[in-house]
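J.: What follows is model_10.cif; its format and atoms are mmCIF, C-alpha atoms.
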data_start
#
loop_
_atom_site.label_atom_id
_atom_site.label_comp_id
_atom_site.auth_asym_id
_atom_site.auth_seq_id
_atom_site.Cartn_x
_atom_site.Cartn_y
_atom_site.Cartn_z
CA MET A 9 95.35 115.97 29.12
CA LYS A 10 95.58 114.22 32.53
CA ALA A 11 98.73 116.19 33.46
CA SER A 12 97.06 119.46 32.45
CA SER A 13 93.98 118.69 34.60
CA LEU A 14 96.13 117.79 37.61
CA LEU A 15 98.13 121.01 37.24
CA LYS A 16 94.92 123.07 37.22
CA LYS A 17 93.68 121.38 40.42
CA LEU A 18 96.98 122.05 42.19
CA LEU A 19 96.89 125.70 41.11
CA CYS A 20 93.35 126.08 42.53
CA LEU A 21 94.45 124.60 45.86
CA VAL A 22 97.40 127.03 46.11
CA ILE A 23 95.10 130.01 45.47
CA LEU A 24 92.58 128.75 48.03
CA PHE A 25 95.23 128.38 50.77
CA SER A 26 96.70 131.82 50.01
CA LEU A 27 93.26 133.38 50.53
CA LEU A 28 92.53 131.56 53.79
CA ALA A 29 95.96 131.78 55.45
CA PRO A 30 95.93 135.51 56.45
CA TYR A 31 92.81 135.02 58.59
CA GLU A 32 94.36 132.45 60.90
CA SER A 33 96.26 134.96 63.04
CA GLN A 34 94.10 138.05 62.50
CA THR A 35 93.34 140.03 65.66
CA VAL A 36 89.73 141.10 66.16
CA ASP A 37 89.40 144.19 68.36
CA ALA A 38 86.03 143.70 70.00
CA ALA A 39 84.36 145.79 72.67
CA TYR A 40 84.88 142.96 75.18
CA THR A 41 87.54 143.72 77.82
CA PHE A 42 88.78 142.00 80.95
CA GLU A 43 91.46 142.52 83.57
CA GLY A 44 94.66 140.54 83.83
CA LYS A 45 97.35 140.33 86.51
CA VAL A 46 101.03 140.02 85.60
CA ASN A 47 102.42 136.70 86.89
CA ALA A 48 106.02 137.26 85.74
CA THR A 49 108.67 139.23 87.65
CA VAL A 50 108.93 141.68 84.75
CA LEU A 51 106.82 141.68 81.56
CA ASN A 52 107.78 143.56 78.38
CA VAL A 53 105.12 145.68 76.67
CA ARG A 54 105.76 145.62 72.91
CA SER A 55 104.51 147.78 70.04
CA LYS A 56 103.33 144.74 68.06
CA ALA A 57 102.40 141.12 68.78
CA SER A 58 105.92 139.84 68.20
CA THR A 59 109.05 139.25 70.28
CA SER A 60 111.04 141.08 67.60
CA SER A 61 109.01 144.32 67.91
CA SER A 62 110.18 147.32 69.94
CA ILE A 63 109.70 147.41 73.74
CA MET A 64 107.42 150.29 74.85
CA GLY A 65 107.77 149.67 78.59
CA LYS A 66 107.75 147.07 81.34
CA LEU A 67 105.13 145.80 83.80
CA LYS A 68 105.84 144.60 87.33
CA LYS A 69 104.58 141.40 88.93
CA ASN A 70 100.97 141.59 90.21
CA GLN A 71 100.29 144.77 88.19
CA ILE A 72 96.71 144.88 86.87
CA VAL A 73 96.10 145.70 83.19
CA THR A 74 93.03 145.93 80.95
CA VAL A 75 93.04 143.49 78.02
CA VAL A 76 91.12 144.83 75.01
CA SER A 77 91.76 141.99 72.55
CA GLN A 78 93.80 138.81 72.04
CA THR A 79 95.51 136.78 69.34
CA LYS A 80 96.57 133.19 69.89
CA ASP A 81 99.59 133.97 72.09
CA TRP A 82 99.39 137.75 72.61
CA SER A 83 97.15 140.17 74.52
CA LYS A 84 96.56 143.78 73.50
CA ILE A 85 96.44 145.99 76.60
CA SER A 86 95.67 149.61 77.46
CA TYR A 87 99.06 151.13 78.33
CA GLY A 88 98.89 154.73 79.51
CA LYS A 89 97.29 156.67 76.65
CA LYS A 90 98.37 154.03 74.09
CA TYR A 91 97.98 150.32 73.46
CA GLY A 92 100.68 147.68 73.62
CA TRP A 93 101.11 143.90 73.39
CA VAL A 94 102.22 141.37 76.02
CA SER A 95 102.63 137.61 76.01
CA SER A 96 99.33 136.04 77.15
CA ILE A 97 101.02 133.27 79.15
CA TYR A 98 102.26 135.85 81.67
CA LEU A 99 98.77 137.20 82.41
CA THR A 100 96.25 135.65 84.79
CA SER A 101 92.60 136.64 84.41
CA VAL A 102 91.27 138.73 87.29
CA THR A 103 87.69 138.21 88.41
CA TRP A 104 85.61 139.82 91.13
CA THR A 105 82.44 138.92 92.99
CA GLY A 106 79.34 140.97 92.33
CA TYR A 107 75.85 140.91 93.79
CA VAL A 108 72.51 141.40 92.05
CA ASN A 109 70.92 144.61 93.37
CA ALA A 110 67.67 144.37 91.39
CA THR A 111 64.58 142.43 92.47
CA SER A 112 65.33 140.01 89.62
CA LEU A 113 67.88 140.10 86.80
CA ASN A 114 67.88 138.29 83.44
CA LEU A 115 70.94 136.20 82.58
CA ARG A 116 71.28 136.46 78.79
CA LYS A 117 73.21 134.45 76.20
CA SER A 118 74.97 137.51 74.72
CA PRO A 119 75.44 141.21 75.63
CA SER A 120 72.14 142.53 74.24
CA ASN A 121 68.61 143.24 75.46
CA LYS A 122 67.40 141.16 72.53
CA ALA A 123 69.52 138.11 73.45
CA VAL A 124 67.96 134.87 74.67
CA VAL A 125 67.22 134.82 78.43
CA MET A 126 69.01 131.80 79.92
CA ASP A 127 67.81 132.25 83.50
CA SER A 128 66.64 134.76 86.10
CA LEU A 129 68.78 135.77 89.10
CA LYS A 130 67.26 136.79 92.42
CA GLN A 131 68.21 139.89 94.39
CA GLY A 132 71.39 139.27 96.40
CA SER A 133 72.62 136.44 94.11
CA ALA A 134 76.43 136.25 93.94
CA VAL A 135 78.08 136.21 90.50
CA THR A 136 81.71 135.98 89.38
CA VAL A 137 82.45 138.83 86.94
CA LYS A 138 84.88 137.72 84.21
CA GLY A 139 84.80 140.60 81.72
CA LYS A 140 82.90 143.54 80.22
CA ASP A 141 81.36 144.63 76.91
CA GLY A 142 80.02 148.19 77.07
CA ASP A 143 77.26 148.24 79.71
CA TRP A 144 77.21 144.43 79.99
CA LEU A 145 79.14 142.10 82.29
CA GLN A 146 80.08 138.50 81.48
CA VAL A 147 79.39 136.50 84.65
CA TYR A 148 79.60 132.94 85.94
CA VAL A 149 76.78 131.88 88.29
CA SER A 150 78.07 128.98 90.38
CA SER A 151 74.67 128.21 91.91
CA LYS A 152 73.33 127.50 88.42
CA ASN A 153 76.64 126.45 86.77
CA LYS A 154 76.00 128.90 83.92
CA THR A 155 77.98 131.64 82.18
CA GLY A 156 76.09 134.52 80.57
CA TRP A 157 75.62 138.28 80.37
CA VAL A 158 73.87 140.74 82.69
CA SER A 159 73.41 144.53 82.73
CA SER A 160 76.22 146.17 84.77
CA ALA A 161 73.72 148.67 86.23
CA TYR A 162 72.23 145.93 88.40
CA VAL A 163 75.43 144.42 89.83
CA SER A 164 77.30 145.94 92.78
CA LYS A 165 80.54 144.99 94.52
CA LYS A 166 79.00 145.22 97.97
CA LYS A 167 76.69 142.55 99.37
CA VAL A 168 73.07 143.48 98.89
CA THR A 169 70.48 143.35 101.63
CA VAL A 170 67.55 141.43 100.19
CA THR A 171 64.39 143.54 100.28
CA PRO A 172 61.67 141.65 102.20
CA PRO A 173 58.17 141.47 100.73
CA PRO A 174 56.04 144.47 101.70
CA ALA A 175 54.10 144.04 104.93
CA PRO A 176 50.33 144.52 104.94
CA THR A 177 49.55 148.21 104.87
CA LYS A 178 48.17 149.82 107.97
CA LYS A 179 46.59 153.18 108.41
CA VAL A 180 49.09 155.48 110.04
CA THR A 181 49.00 159.08 111.07
CA THR A 182 51.33 161.15 108.90
CA GLU A 183 53.73 163.25 110.93
CA PRO A 184 56.02 166.00 109.66
CA ALA A 185 59.47 164.70 108.64
CA LYS A 186 62.02 164.97 111.43
CA THR A 187 64.92 167.28 110.61
CA ILE A 188 68.58 166.48 111.13
CA GLY A 189 69.46 170.13 111.61
CA THR A 190 69.38 173.69 110.33
CA TYR A 191 71.81 174.70 107.60
CA TYR A 192 72.58 177.78 105.50
CA VAL A 193 73.53 178.13 101.84
CA ASN A 194 77.13 179.30 101.43
CA ALA A 195 77.15 179.51 97.61
CA SER A 196 76.02 182.50 95.54
CA ALA A 197 73.13 180.36 94.22
CA LEU A 198 72.25 176.71 94.80
CA ASN A 199 70.05 174.51 92.59
CA ILE A 200 67.30 172.44 94.20
CA ARG A 201 66.90 169.18 92.30
CA GLN A 202 64.13 166.59 92.15
CA LYS A 203 66.57 163.75 92.91
CA ALA A 204 70.08 163.37 94.35
CA SER A 205 71.83 163.75 90.98
CA THR A 206 73.35 166.56 88.90
CA SER A 207 71.33 165.25 85.95
CA ALA A 208 68.01 165.48 87.84
CA LYS A 209 65.45 168.18 87.06
CA ILE A 210 66.00 171.58 88.74
CA ILE A 211 62.85 172.49 90.71
CA GLY A 212 64.09 175.70 92.36
CA LYS A 213 67.04 177.82 93.51
CA LEU A 214 68.31 179.07 96.85
CA SER A 215 70.25 182.31 97.34
CA ASN A 216 73.32 182.85 99.50
CA GLY A 217 72.48 182.69 103.21
CA SER A 218 69.14 180.90 102.72
CA LYS A 219 68.08 178.85 105.74
CA VAL A 220 67.08 175.21 105.13
CA GLU A 221 66.07 172.25 107.27
CA MET A 222 67.90 169.04 106.32
CA ILE A 223 65.73 165.91 106.51
CA ALA A 224 68.20 163.29 105.26
CA LYS A 225 71.70 162.91 103.78
CA GLU A 226 72.68 160.58 100.95
CA GLY A 227 76.36 160.66 99.93
CA ASP A 228 77.17 164.23 98.85
CA TRP A 229 73.48 165.23 98.72
CA ALA A 230 71.12 166.69 101.35
CA LYS A 231 67.34 166.27 101.31
CA ILE A 232 65.67 169.48 102.45
CA GLY A 233 62.12 170.61 103.24
CA LEU A 234 60.55 173.18 100.92
CA ALA A 235 58.26 176.07 101.77
CA SER A 236 55.61 174.46 99.54
CA GLY A 237 55.53 171.44 101.85
CA GLY A 238 57.44 169.14 99.50
CA THR A 239 61.11 168.10 99.50
CA GLY A 240 64.12 168.51 97.23
CA TRP A 241 67.84 167.72 97.01
CA VAL A 242 70.85 170.05 97.13
CA SER A 243 74.63 169.55 97.12
CA PHE A 244 75.77 169.19 100.75
CA ALA A 245 79.10 170.81 99.84
CA TYR A 246 77.35 174.21 99.71
CA LEU A 247 75.65 173.99 103.11
CA THR A 248 77.06 175.19 106.43
CA THR A 249 75.83 175.23 110.03
CA LYS A 250 77.06 178.84 110.35
CA ASN A 251 74.88 181.68 109.09
CA PRO A 252 77.20 183.20 106.45
CA LYS A 253 77.29 186.81 105.35
CA ALA A 254 76.13 187.52 101.82
CA ASN A 255 79.71 188.05 100.60
CA THR A 256 81.40 185.18 102.45
CA SER A 257 84.98 184.46 101.36
CA GLU A 258 84.62 180.72 102.09
CA THR A 259 83.04 179.92 98.71
CA PRO A 260 83.63 180.94 95.11
CA LYS A 261 82.07 184.33 94.53
CA SER A 262 79.51 184.70 91.78
CA ASP A 263 81.16 186.58 88.98
CA SER A 264 78.86 188.10 86.36
CA VAL A 265 81.63 187.52 83.81
CA LEU A 266 80.69 183.79 83.77
CA LYS A 267 76.95 184.35 83.39
CA GLY A 268 75.77 182.90 80.07
CA LYS A 269 79.23 181.63 79.07
CA VAL A 270 79.15 178.23 77.35
CA ILE A 271 81.70 175.92 78.99
CA VAL A 272 82.17 172.41 77.56
CA LEU A 273 83.68 170.00 80.11
CA ASP A 274 85.28 166.84 78.73
CA PRO A 275 85.99 163.95 81.14
CA GLY A 276 88.78 161.98 79.43
CA HIS A 277 88.28 158.36 78.30
CA GLY A 278 85.17 156.32 79.31
CA GLY A 279 83.39 153.07 78.48
CA ASN A 280 85.77 150.47 77.05
CA ASP A 281 88.60 153.04 77.16
CA PRO A 282 89.68 153.15 80.85
CA GLY A 283 92.66 155.46 80.27
CA ALA A 284 95.53 155.09 82.72
CA SER A 285 95.11 152.51 85.50
CA GLY A 286 96.81 152.39 88.88
CA SER A 287 96.53 150.02 91.81
CA LEU A 288 93.53 151.94 93.20
CA TYR A 289 91.85 153.92 90.45
CA ARG A 290 91.07 154.10 86.74
CA GLU A 291 91.50 157.41 84.97
CA LYS A 292 88.03 157.37 83.37
CA ASN A 293 86.35 157.34 86.82
CA LEU A 294 88.51 160.09 88.32
CA THR A 295 87.98 162.40 85.34
CA LEU A 296 84.19 162.06 85.55
CA SER A 297 83.94 162.74 89.30
CA THR A 298 86.24 165.78 89.00
CA VAL A 299 84.34 167.19 86.03
CA ILE A 300 81.07 167.04 88.00
CA GLU A 301 82.69 169.13 90.76
CA VAL A 302 83.85 171.73 88.21
CA GLY A 303 80.45 171.76 86.52
CA ASN A 304 78.61 172.46 89.79
CA LEU A 305 80.82 175.47 90.51
CA LEU A 306 80.38 176.90 87.00
CA ALA A 307 76.62 176.32 86.91
CA ASN A 308 76.14 178.03 90.28
CA ALA A 309 78.04 181.04 88.87
CA GLY A 310 75.60 181.29 85.94
CA ALA A 311 77.58 179.53 83.19
CA LYS A 312 75.92 177.15 80.73
CA VAL A 313 77.74 173.85 81.34
CA ILE A 314 77.77 171.10 78.70
CA TYR A 315 79.38 167.68 79.33
CA THR A 316 80.79 165.52 76.52
CA ARG A 317 79.81 162.56 78.72
CA SER A 318 78.01 162.33 82.08
CA ASN A 319 78.38 158.57 82.64
CA ASP A 320 80.73 155.68 81.84
CA THR A 321 80.34 155.90 78.04
CA TYR A 322 82.90 155.78 75.23
CA ILE A 323 82.99 159.01 73.19
CA SER A 324 85.36 159.37 70.24
CA LEU A 325 87.81 162.29 70.06
CA ALA A 326 86.02 163.65 66.98
CA GLN A 327 82.67 163.60 68.82
CA ARG A 328 84.16 165.53 71.74
CA VAL A 329 85.39 168.26 69.40
CA LEU A 330 82.00 168.31 67.64
CA VAL A 331 80.21 169.01 70.95
CA SER A 332 82.53 171.99 71.47
CA GLN A 333 82.04 173.46 68.01
CA GLN A 334 78.31 172.82 67.65
CA ASN A 335 77.67 174.65 70.94
CA LYS A 336 80.18 177.43 70.09
CA ALA A 337 81.94 176.91 73.39
CA ASP A 338 83.52 179.95 75.03
CA ALA A 339 85.94 177.46 76.60
CA PHE A 340 86.58 173.70 76.21
CA ILE A 341 88.26 171.97 79.18
CA SER A 342 89.44 168.35 78.80
CA ILE A 343 90.32 166.78 82.15
CA HIS A 344 92.76 163.86 82.52
CA PHE A 345 95.04 162.17 85.04
CA ASN A 346 98.60 161.38 83.99
CA SER A 347 100.76 158.24 83.78
CA SER A 348 104.49 157.62 83.38
CA THR A 349 106.81 154.63 83.12
CA SER A 350 108.53 156.06 86.22
CA SER A 351 106.64 155.84 89.52
CA ASN A 352 108.48 158.94 90.82
CA VAL A 353 107.08 161.50 88.36
CA SER A 354 104.49 163.83 89.91
CA GLY A 355 102.70 167.12 89.40
CA ILE A 356 100.10 169.01 87.34
CA GLU A 357 100.41 170.30 83.78
CA THR A 358 98.06 172.07 81.36
CA TYR A 359 98.32 171.81 77.55
CA TYR A 360 97.41 174.27 74.80
CA TYR A 361 97.79 173.97 71.01
CA SER A 362 97.67 177.50 69.59
CA SER A 363 97.73 181.16 70.63
CA LYS A 364 93.93 181.17 71.15
CA ASP A 365 94.40 178.67 74.00
CA THR A 366 97.57 179.94 75.71
CA VAL A 367 96.09 182.50 78.12
CA LEU A 368 93.35 180.07 79.24
CA ALA A 369 95.93 177.31 79.87
CA LYS A 370 98.26 179.55 81.90
CA SER A 371 95.37 180.95 83.94
CA ILE A 372 94.06 177.47 84.84
CA GLN A 373 97.57 176.10 85.58
CA SER A 374 98.47 178.90 88.00
CA ASN A 375 95.16 178.64 89.88
CA LEU A 376 95.42 174.84 90.07
CA ILE A 377 98.82 175.06 91.73
CA ALA A 378 97.53 177.71 94.15
CA GLN A 379 94.59 175.52 95.22
CA THR A 380 96.23 172.05 95.27
CA LYS A 381 99.85 172.95 96.25
CA MET A 382 101.01 170.29 93.77
CA LYS A 383 104.29 170.36 91.81
CA ASP A 384 104.03 172.85 88.94
CA LEU A 385 104.90 171.21 85.60
CA SER A 386 103.72 174.41 83.82
CA ALA A 387 101.42 175.19 80.89
CA LYS A 388 102.90 173.86 77.65
CA PHE A 389 102.24 173.00 74.00
CA GLY A 390 100.48 169.69 73.31
CA ASN A 391 99.55 168.21 69.92
CA TYR A 392 96.30 166.54 71.06
CA HIS A 393 93.31 165.92 68.77
CA VAL A 394 90.78 167.66 71.05
CA LEU A 395 92.99 170.78 70.99
CA ARG A 396 94.37 170.66 67.45
CA GLU A 397 91.01 170.14 65.72
CA ASN A 398 89.07 172.49 68.01
CA LYS A 399 88.22 175.96 66.69
CA GLN A 400 87.13 177.11 70.16
CA PRO A 401 89.54 178.06 73.00
CA ALA A 402 90.58 174.66 74.39
CA VAL A 403 92.95 173.20 76.99
CA LEU A 404 93.80 169.73 78.31
CA VAL A 405 94.57 169.43 82.03
CA GLU A 406 96.59 166.58 83.63
CA LEU A 407 95.70 166.59 87.35
CA GLY A 408 98.41 164.29 88.74
CA PHE A 409 100.03 160.90 88.13
CA ILE A 410 98.12 157.65 88.69
CA SER A 411 101.43 155.86 88.13
CA ASN A 412 102.88 157.47 91.29
CA PRO A 413 101.58 155.38 94.28
CA VAL A 414 101.73 158.31 96.70
CA GLU A 415 100.05 160.74 94.32
CA GLU A 416 97.42 158.16 93.31
CA LYS A 417 96.19 157.94 96.92
CA LEU A 418 95.85 161.74 97.03
CA ILE A 419 94.15 162.42 93.68
CA GLY A 420 91.38 159.92 94.39
CA THR A 421 90.20 161.73 97.53
CA PRO A 422 87.08 163.97 97.43
CA GLY A 423 89.08 166.75 99.12
CA TYR A 424 91.71 166.84 96.37
CA GLN A 425 89.11 166.76 93.60
CA LYS A 426 87.21 169.67 95.20
CA ASN A 427 90.45 171.70 95.39
CA ALA A 428 91.35 170.84 91.79
CA ALA A 429 87.83 171.76 90.66
CA LEU A 430 88.09 175.10 92.47
CA GLY A 431 91.45 175.76 90.81
CA ILE A 432 89.99 175.11 87.35
CA TYR A 433 86.93 177.24 88.17
CA GLU A 434 89.08 180.16 89.38
CA GLY A 435 91.29 179.82 86.31
CA ILE A 436 88.31 180.05 83.94
CA ASN A 437 86.95 182.98 85.97
CA GLN A 438 90.27 184.82 85.72
CA TYR A 439 90.51 184.13 82.00
CA PHE A 440 87.18 185.81 81.22
CA ARG A 441 87.68 188.62 83.75
CA GLU A 442 91.00 189.67 82.19
CA ARG A 443 89.98 189.44 78.54
#
Any chance you could put this one into structure tokens?
T.:
Amino acid sequence: MKASSLLKKLLCLVILFSLLAPYESQTVDAAYTFEGKVNATVLNVRSKASTSSSIMGKLKKNQIVTVVSQTKDWSKISYGKKYGWVSSIYLTSVTWTGYVNATSLNLRKSPSNKAVVMDSLKQGSAVTVKGKDGDWLQVYVSSKNKTGWVSSAYVSKKKVTVTPPPAPTKKVTTEPAKTIGTYYVNASALNIRQKASTSAKIIGKLSNGSKVEMIAKEGDWAKIGLASGGTGWVSFAYLTTKNPKANTSETPKSDSVLKGKVIVLDPGHGGNDPGASGSLYREKNLTLSTVIEVGNLLANAGAKVIYTRSNDTYISLAQRVLVSQQNKADAFISIHFNSSTSSNVSGIETYYYSSKDTVLAKSIQSNLIAQTKMKDLSAKFGNYHVLRENKQPAVLVELGFISNPVEEKLIGTPGYQKNAALGIYEGINQYFRER
């Protein structure tokens, strides 16, 4: 009996260990990401967290990568449009200094508005940013010797000038706002918005050649005086000091063929998916800024523009296709920037999946090359989810290689993005005009 009882106990222990053992090395892919710098001369990127798995590519010393998860000895990184694994001992965490740009900012215990508030940070406080989880940053506050979470919307990389307390109000005589100068609209139609943002409410429109008085300039936006006595904001890109003729050739001409067309613009990647990363830029940021340029051109020509995302948010591939199909898009344009294991590869290419997409892809590709003068890698077949699963005419554009140091400097400039946007706009215009 004693031997039988002992045998049963041993059997129970074996079963218990077999159930627990698999969880010791399990990788948990959380939303938390951080940046790491390669500290080895060359670092292999492998397909799995094992030295016996296949090598996908190699990283150079001091190259910056985004780590999306970790096991005990391995880090999962974003590698081009895929994920790979590298040995954690050859990565050094990269941090950066941020500054609180709100009057006060709560330091929370975890990345949630419902999390416990550990402390309050004053405007201008310096924090060391260690990582990110969605719209939250994990920070270390040296002045308080605390690590916690803050909203990324209220942290900037530039030092913040602390706003002094308001001075006692005095009665002043209101004078008309001083103007910077007189400008004219050089677009077929120009939206007047309530604020300096493409997402702000449209409060009016200006026609080609309209005269405006500019009161202030903020980035790419101009504040103008209105006939009603109020003020509004317009895109400075469509203002000129010269009085243009109604049919000026300097700007895209309004083409009635675009009026009412539903165009879905898809900025690739976003949120915890940065896409390709170079030494200067991340793909998700370049795609969004370029898409806004394209959207402005299309909207001014009368098209109905719908964005799959308008900020740094993660959107799944299935959701992007759903936006296209629910809105019965006349055209779906997914914008990306390319990456290669070779730093010498350069150029622009446009992908299509089926015959319904081919003409649109070739039209956009030819106009992109005409506007940017980049190397023509042609329009070609691509088996991408947003094309394959899309019932609407759809293309995916690769606007240059982040992995090429020379090309990376170019594609991040506002001038290049405006030219690329014009090429895409002209390509869409040609597509509908020739149908």
J.: To one decimal place, how far is atom CA of Pro119 of chain A from atom CA of Asn280 of chain A in Å?
T.: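 Calculated distance between atom CA of Pro119 of chain A and atom CA of Asn280 of chain A is 13.9 Å.
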J.: What does the distance between atom CA of Met222 of chain A and atom CA of Leu305 of chain A come to in Å, to one decimal place?
T.: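 Answer for the atom CA of Met222 of chain A to atom CA of Leu305 of chain A separation: 21.4 Å.
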J.: What would the list of residues within 10 Å of (93.5, 166.4, 74.2) (file frame) look like as a count of residues only, if all atoms listed in the file are what count?
T.: 26
J.: Determine, counting all atoms listed in the file, every residue of protein, DNA or RNA that lies within 10 Å of (82.7, 143.3, 73.4) in the file coordinates, then give the result as a list in words.
T.: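 Answer for this query, in the requested form: Asp37, Ala38, Ala39, Tyr40, Thr41, Phe42, Val76, Ser77, Ser118, Pro119, Gly139, Lys140, Asp141, Gly142, Asp143, Trp144, Leu145, Gln146 and Asn280 of chain A.
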J.: Using the chain letters and numbers from the file, which residues does the PyMOL selection byres ((chain A and resi 410) around 9) grab, as number ranges by chain?
T.: A: 284-291, 345-348, 351, 354, 408-409, 411-417, 419
J.: Apply the PyMOL selection byres ((chain A and resi 387) around 10) to the structure shown and report the selected residues as a PDB file with C-alpha atoms, keeping the file's coordinate frame.
T.:
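Once everything was written out, this is part-v7.pdb:
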ATOM      1  CA  ILE A 356     100.100 169.010  87.340  1.00  0.00           C
ATOM      2  CA  GLU A 357     100.410 170.300  83.780  1.00  0.00           C
ATOM      3  CA  THR A 358      98.060 172.070  81.360  1.00  0.00           C
ATOM      4  CA  TYR A 359      98.320 171.810  77.550  1.00  0.00           C
ATOM      5  CA  TYR A 360      97.410 174.270  74.800  1.00  0.00           C
ATOM      6  CA  THR A 366      97.570 179.940  75.710  1.00  0.00           C
ATOM      7  CA  VAL A 367      96.090 182.500  78.120  1.00  0.00           C
ATOM      8  CA  LEU A 368      93.350 180.070  79.240  1.00  0.00           C
ATOM      9  CA  ALA A 369      95.930 177.310  79.870  1.00  0.00           C
ATOM     10  CA  LYS A 370      98.260 179.550  81.900  1.00  0.00           C
ATOM     11  CA  SER A 371      95.370 180.950  83.940  1.00  0.00           C
ATOM     12  CA  ILE A 372      94.060 177.470  84.840  1.00  0.00           C
ATOM     13  CA  GLN A 373      97.570 176.100  85.580  1.00  0.00           C
ATOM     14  CA  SER A 374      98.470 178.900  88.000  1.00  0.00           C
ATOM     15  CA  ASP A 384     104.030 172.850  88.940  1.00  0.00           C
ATOM     16  CA  LEU A 385     104.900 171.210  85.600  1.00  0.00           C
ATOM     17  CA  SER A 386     103.720 174.410  83.820  1.00  0.00           C
ATOM     18  CA  LYS A 388     102.900 173.860  77.650  1.00  0.00           C
ATOM     19  CA  PHE A 389     102.240 173.000  74.000  1.00  0.00           C
ATOM     20  CA  GLY A 390     100.480 169.690  73.310  1.00  0.00           C
ATOM     21  CA  VAL A 403      92.950 173.200  76.990  1.00  0.00           C
ATOM     22  CA  LEU A 404      93.800 169.730  78.310  1.00  0.00           C
ATOM     23  CA  VAL A 405      94.570 169.430  82.030  1.00  0.00           C
TER      24      VAL A 405
END
J.: Could you state the separation of atom CA of Lys209 of chain A and atom CA of Ala307 of chain A in Å, given to one decimal place?
T.: 13.8 Å
J.: Evaluate the PyMOL selection byres ((chain A and resi 268) around 8) on the structure here and hand back the selected residues as an MDAnalysis selection string.
T.: chainID A and resid 266:267 269:270 310:312
J.: Could the residues in this selection be written to a file with C-alpha atoms, as a short mmCIF file (atom, residue, chain, number, x, y, z; two decimals), in the frame of the given file?
T.:
data_model
loop_
_atom_site.label_atom_id
_atom_site.label_comp_id
_atom_site.auth_asym_id
_atom_site.auth_seq_id
_atom_site.Cartn_x
_atom_site.Cartn_y
_atom_site.Cartn_z
CA LEU A 266 80.69 183.79 83.77
CA LYS A 267 76.95 184.35 83.39
CA LYS A 269 79.23 181.63 79.07
CA VAL A 270 79.15 178.23 77.35
CA GLY A 310 75.60 181.29 85.94
CA ALA A 311 77.58 179.53 83.19
CA LYS A 312 75.92 177.15 80.73
#
J.: Quick one: everything within 6 Å of Gln379 of chain A, counting all atoms listed in the file, minus sequence neighbours fewer than 2 positions away in the same chain. Send it as a list of chain:residue names.
T.: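 The contact residues come out as A:Leu376, A:Ile377, A:Lys381, A:Asn427, A:Gly431.
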J.: What's the 7 Å shell around Val220 of chain A, counting all atoms listed in the file, without same-chain residues fewer than 2 positions away, as a PyMOL selection string?
T.: chain A and resi 190-192+218+222+232
J.: For segment 60-65 of chain A, work out the shell of residues within 9 Å, counting only C-alpha atoms and skipping chain neighbours fewer than 2 positions away, then give it as a PyMOL selection string.
T.: chain A and resi 51-58+67+87+92+349
J.: Padding of 6 Å on every side, edges along x, y and z, all listed atoms of segment 330-345 of chain A included: what centre and edge lengths in Å, to one decimal, does that box have, as lines of an AutoDock Vina configuration file?
T.:
center_x = 86.4
center_y = 171.1
center_z = 76.3
size_x = 29.4
size_y = 29.8
size_z = 29.4
J.: Considering only C-alpha atoms, state which residue in the set A:Ser164, A:Thr79, A:Gln131, A:Ser120 is at the smallest distance from Trp104 of chain A.
T.: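 Using only C-alpha atoms, the shortest distance to Trp104 of chain A belongs to A:Ser164.
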J.: Taking only C-alpha atoms into account, name the residue in A:Thr249, A:Ser128, A:Asn335, A:Thr380 that is nearest to Gly156 of chain A.
T.: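 Comparing A:Thr249, A:Ser128, A:Asn335, A:Thr380 against Gly156 of chain A, the winner is A:Ser128.
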J.: Of the candidates A:Ser350, A:Asn114, A:Thr49, A:Asn308, which one gets nearest to Val158 of chain A if we count all atoms listed in the file?
T.: A:Asn114
J.: May I have the residues within 12 Å of Gly189 of chain A as a PDB file with C-alpha atoms, in the coordinates of the input, using only C-alpha atoms and disregarding those fewer than 4 positions away in the same chain?
T.:
ATOM      1  CA  ALA A 185      59.470 164.700 108.640  1.00  0.00           C
ATOM      2  CA  LYS A 219      68.080 178.850 105.740  1.00  0.00           C
ATOM      3  CA  VAL A 220      67.080 175.210 105.130  1.00  0.00           C
ATOM      4  CA  GLU A 221      66.070 172.250 107.270  1.00  0.00           C
ATOM      5  CA  MET A 222      67.900 169.040 106.320  1.00  0.00           C
ATOM      6  CA  ILE A 223      65.730 165.910 106.510  1.00  0.00           C
ATOM      7  CA  ALA A 224      68.200 163.290 105.260  1.00  0.00           C
ATOM      8  CA  LYS A 225      71.700 162.910 103.780  1.00  0.00           C
ATOM      9  CA  ALA A 230      71.120 166.690 101.350  1.00  0.00           C
ATOM     10  CA  LYS A 231      67.340 166.270 101.310  1.00  0.00           C
ATOM     11  CA  ILE A 232      65.670 169.480 102.450  1.00  0.00           C
ATOM     12  CA  GLY A 233      62.120 170.610 103.240  1.00  0.00           C
ATOM     13  CA  LEU A 247      75.650 173.990 103.110  1.00  0.00           C
ATOM     14  CA  THR A 248      77.060 175.190 106.430  1.00  0.00           C
ATOM     15  CA  THR A 249      75.830 175.230 110.030  1.00  0.00           C
ATOM     16  CA  LYS A 250      77.060 178.840 110.350  1.00  0.00           C
TER      17      LYS A 250
END
